[in-house]
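**Student:** The structure's right below; bear with me while I get my questions together.
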Amino acid sequence: AYDASPFVPSGAGLDALRKAAADCKGCPLFREATQTVFGAGEPSARVVLVGEQPGDQEDRRGRPFVGPAGGVLMRALDESGIDPADAYITNAVKHFKFEQAVRGKRRIHKAPGLREIGACRPWLAAELRLLDPEVVVALGATAGKSLMGSSFRVSHERGVALPLPSLNGGGDEDGEGNGGGGGLLVATIHPSAVLRSDAAAREEAYAGLVSDLRVAARLLD
Ligand code: URA
Ligand code: SF4
């Protein structure tokens, strides 16, 4: 099965993890993408935001949420009262999955499948274990499934604080430092869903994103 585990160094800090992730071959996505896009933010972050996977611009620039969806996310964070300095931003899958347009150079985003989500989860688990945040925000279905299991439905469970299960199968004895276990999770839509909404629905989609992020912000007060 696809699996990043053999590439994840044990006992590594965030910088060493980021370095090792650059050479991950845990699933086939590394072949076509430009580079691994690891999480970004301070080790002291109190909230971790988890997206789906890097997009076209993130793939080129090597940083998460620097494209159009990132613009929506930064605006929504600001409006919800989450200080970006308190936030670490990452993705469930760390390579860009895409399809080449039939004509032209455009690369068309493809949603990662459960196999790729599962393969890449050890990186997310390692990030959460080190960051040990108070709140994790799942941005969209891919993050929701990676963090909560494949039957998780964002539309049913968004905007409320849920217990975050351990991501490291088995967990450890004291129940701490087990990759997120013990923290809280708030799920919401992916910021790109706002961009995909037609003009009539866009404002409401954005307001929903902000309102869910406010739930996360209140947990940090
Ligand atoms: N969408 C994501 O889910 N993550 C990014 O980093 C950019 C766009
Ligand atoms: Fe490794 Fe994740 Fe990239 Fe697959 S998507 S090669 S598991 S870093």
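We label chains A, B, ... in the order they appear in the structure tokens, count residues from 1 in each chain, and number ligands from 1 in the order shown.
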Give as a list in words the residues surrounding ligand 1 up to a distance of 6 Å, considering only C-alpha atoms and all ligand atoms.

**Tutor:**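 Using only C-alpha atoms and all ligand atoms, I find these residues within 6 Å of ligand 1: Gly51, Glu52, Gln53, Pro54, Gly55, Glu58, Pro64, Phe65, Ala69 and Asn91 of chain A.
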
**Student:** Counting only C-alpha atoms and all ligand atoms, name the residues that have an atom within 12 Å of an atom of ligand 2; the answer should be given as number ranges by chain.

**Tutor:** A: 1-8, 17-39, 52-54, 59, 90-98, 111-125

**Student:** Could you pull out all residues of segment 1-214 of chain A with a DSSP call of alpha helix (DSSP H) and give them as number ranges by chain?

**Tutor:** A: 14-21, 56-61, 68-80, 114-131, 141-148, 154-157, 191-196, 199-214

**Student:** Give me the residues within 8 Å of Leu209 of chain A as a PyMOL selection string, counting only C-alpha atoms and dropping any in the same chain fewer than 3 places off.

**Tutor:** chain A and resi 76+188-189+191+205-206+212-213

**Student:** Nearest to Ala16 of chain A: which of A:Leu130, A:Ile108, A:Glu79, A:Val102 is it, counting only C-alpha atoms?

**Tutor:**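 So, comparing all the options, the nearest one is A:Leu130.
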
**Student:** One decimal, in Å: what's the spacing between atom CA of Ala85 of chain A and atom CA of Leu219 of chain A?

**Tutor:**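 Rounded to one decimal, the two atoms are 16.2 Å apart.
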
**Student:** Would you mind listing what lies within 12 Å of Arg158 of chain A as a list of chain:residue names, with only C-alpha atoms counted and same-chain residues fewer than 6 positions away left out?

**Tutor:**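 Answer for this query is A:Val137, A:Ala138, A:Leu139, A:Gly140, A:Ala141, A:Gly144, A:Phe152, A:Leu185, A:Val186, A:Ala187, A:Thr188, A:Ile189, A:His190, A:Gly208, A:Leu209, A:Val210, A:Ser211, A:Asp212, A:Leu213, A:Arg214, A:Val215, A:Ala216.
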
**Student:** For C-alpha atoms, I'd like the residues from the last selection saved as a compact mmCIF listing (two decimals), in the first residue's frame.

**Tutor:**
```txt
# COMPACT_ATOMS: atom_id res chain seq x y z
CA VAL A 137 -9.56 23.14 11.77
CA ALA A 138 -10.42 20.75 8.93
CA LEU A 139 -10.93 22.76 5.75
CA GLY A 140 -13.14 20.59 3.57
CA ALA A 141 -13.82 16.90 3.00
CA GLY A 144 -12.10 15.89 7.46
CA PHE A 152 -16.77 11.90 8.07
CA LEU A 185 -11.49 19.71 15.92
CA VAL A 186 -13.75 22.12 14.05
CA ALA A 187 -14.66 21.27 10.47
CA THR A 188 -15.72 23.72 7.80
CA ILE A 189 -15.87 24.04 4.04
CA HIS A 190 -12.78 24.43 1.91
CA GLY A 208 -20.47 30.10 6.69
CA LEU A 209 -16.70 29.71 6.54
CA VAL A 210 -16.20 32.75 8.78
CA SER A 211 -18.85 31.60 11.22
CA ASP A 212 -17.23 28.15 11.56
CA LEU A 213 -13.80 29.75 12.03
CA ARG A 214 -15.31 31.90 14.79
CA VAL A 215 -16.20 28.70 16.63
CA ALA A 216 -12.51 27.77 16.50
```

**Student:** Would you list the contacts of Pro43 of chain A as a list in words, taking every protein, DNA or RNA residue within 12 Å and counting only C-alpha atoms, but skipping same-chain residues closer than 3 positions in sequence?

**Tutor:**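 Non-adjacent residues within range: Gly13, Leu14, Asp15, Gly39, Ala40, Arg46, Val47, Val48, Ala85, Asp86, Ala87, Tyr88, Ile89, Glu127, Leu128, Arg129, Leu130, Leu131, Asp132 and Pro133 of chain A.
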
**Student:** I need the residues from that last selection saved to file as a PDB file, in the first residue's frame (with N, CA and C atoms), if you can.

**Tutor:**
```pdb
ATOM      1  N   GLY A  13      12.330  17.112  14.739  1.00  0.00           N
ATOM      2  CA  GLY A  13      11.573  18.346  14.921  1.00  0.00           C
ATOM      3  C   GLY A  13      10.938  18.761  13.600  1.00  0.00           C
ATOM      4  N   LEU A  14      10.234  19.894  13.623  1.00  0.00           N
ATOM      5  CA  LEU A  14       9.510  20.329  12.423  1.00  0.00           C
ATOM      6  C   LEU A  14      10.432  20.575  11.235  1.00  0.00           C
ATOM      7  N   ASP A  15      11.581  21.194  11.473  1.00  0.00           N
ATOM      8  CA  ASP A  15      12.492  21.506  10.366  1.00  0.00           C
ATOM      9  C   ASP A  15      13.035  20.227   9.724  1.00  0.00           C
ATOM     10  N   GLY A  39       3.832  21.945   5.765  1.00  0.00           N
ATOM     11  CA  GLY A  39       3.126  22.971   6.526  1.00  0.00           C
ATOM     12  C   GLY A  39       4.024  24.158   6.828  1.00  0.00           C
ATOM     13  N   ALA A  40       3.384  25.280   7.165  1.00  0.00           N
ATOM     14  CA  ALA A  40       4.119  26.499   7.476  1.00  0.00           C
ATOM     15  C   ALA A  40       3.505  27.171   8.691  1.00  0.00           C
ATOM     16  N   ARG A  46      -1.216  27.710  18.184  1.00  0.00           N
ATOM     17  CA  ARG A  46      -2.276  27.126  19.016  1.00  0.00           C
ATOM     18  C   ARG A  46      -3.365  26.483  18.175  1.00  0.00           C
ATOM     19  N   VAL A  47      -3.404  26.859  16.900  1.00  0.00           N
ATOM     20  CA  VAL A  47      -4.412  26.292  16.009  1.00  0.00           C
ATOM     21  C   VAL A  47      -3.730  25.825  14.721  1.00  0.00           C
ATOM     22  N   VAL A  48      -4.109  24.640  14.260  1.00  0.00           N
ATOM     23  CA  VAL A  48      -3.576  24.112  13.006  1.00  0.00           C
ATOM     24  C   VAL A  48      -4.717  24.023  12.000  1.00  0.00           C
ATOM     25  N   ALA A  85      -0.509  34.623  13.213  1.00  0.00           N
ATOM     26  CA  ALA A  85       0.710  34.277  13.954  1.00  0.00           C
ATOM     27  C   ALA A  85       0.471  33.118  14.920  1.00  0.00           C
ATOM     28  N   ASP A  86      -0.790  32.860  15.258  1.00  0.00           N
ATOM     29  CA  ASP A  86      -1.160  31.739  16.135  1.00  0.00           C
ATOM     30  C   ASP A  86      -1.457  30.475  15.350  1.00  0.00           C
ATOM     31  N   ALA A  87      -1.394  30.572  14.023  1.00  0.00           N
ATOM     32  CA  ALA A  87      -1.875  29.476  13.189  1.00  0.00           C
ATOM     33  C   ALA A  87      -0.742  28.819  12.394  1.00  0.00           C
ATOM     34  N   TYR A  88      -0.777  27.515  12.347  1.00  0.00           N
ATOM     35  CA  TYR A  88       0.101  26.717  11.483  1.00  0.00           C
ATOM     36  C   TYR A  88      -0.798  26.175  10.379  1.00  0.00           C
ATOM     37  N   ILE A  89      -0.368  26.324   9.134  1.00  0.00           N
ATOM     38  CA  ILE A  89      -1.209  25.944   7.994  1.00  0.00           C
ATOM     39  C   ILE A  89      -0.569  24.805   7.221  1.00  0.00           C
ATOM     40  N   GLU A 127       3.245  16.211  12.236  1.00  0.00           N
ATOM     41  CA  GLU A 127       3.101  17.656  12.490  1.00  0.00           C
ATOM     42  C   GLU A 127       2.252  17.902  13.735  1.00  0.00           C
ATOM     43  N   LEU A 128       1.128  17.206  13.839  1.00  0.00           N
ATOM     44  CA  LEU A 128       0.225  17.425  14.978  1.00  0.00           C
ATOM     45  C   LEU A 128       0.849  16.963  16.283  1.00  0.00           C
ATOM     46  N   ARG A 129       1.618  15.903  16.225  1.00  0.00           N
ATOM     47  CA  ARG A 129       2.279  15.385  17.426  1.00  0.00           C
ATOM     48  C   ARG A 129       3.246  16.437  17.963  1.00  0.00           C
ATOM     49  N   LEU A 130       3.978  17.088  17.066  1.00  0.00           N
ATOM     50  CA  LEU A 130       4.953  18.098  17.494  1.00  0.00           C
ATOM     51  C   LEU A 130       4.284  19.401  17.907  1.00  0.00           C
ATOM     52  N   LEU A 131       3.258  19.791  17.172  1.00  0.00           N
ATOM     53  CA  LEU A 131       2.615  21.088  17.441  1.00  0.00           C
ATOM     54  C   LEU A 131       1.681  21.006  18.641  1.00  0.00           C
ATOM     55  N   ASP A 132       1.056  19.841  18.817  1.00  0.00           N
ATOM     56  CA  ASP A 132       0.110  19.623  19.911  1.00  0.00           C
ATOM     57  C   ASP A 132      -0.833  20.822  20.078  1.00  0.00           C
ATOM     58  N   PRO A 133      -1.563  21.186  19.026  1.00  0.00           N
ATOM     59  CA  PRO A 133      -2.387  22.402  19.077  1.00  0.00           C
ATOM     60  C   PRO A 133      -3.638  22.210  19.929  1.00  0.00           C
TER      61      PRO A 133
END
```

**Student:** Could you please write out, as a ChimeraX atom specification, every residue of segment 14-165 of chain A that DSSP assigns to strand (DSSP E or B)?

**Tutor:** /A:40,47-51,87-91,98-100,107-109,135-139,158,162-163
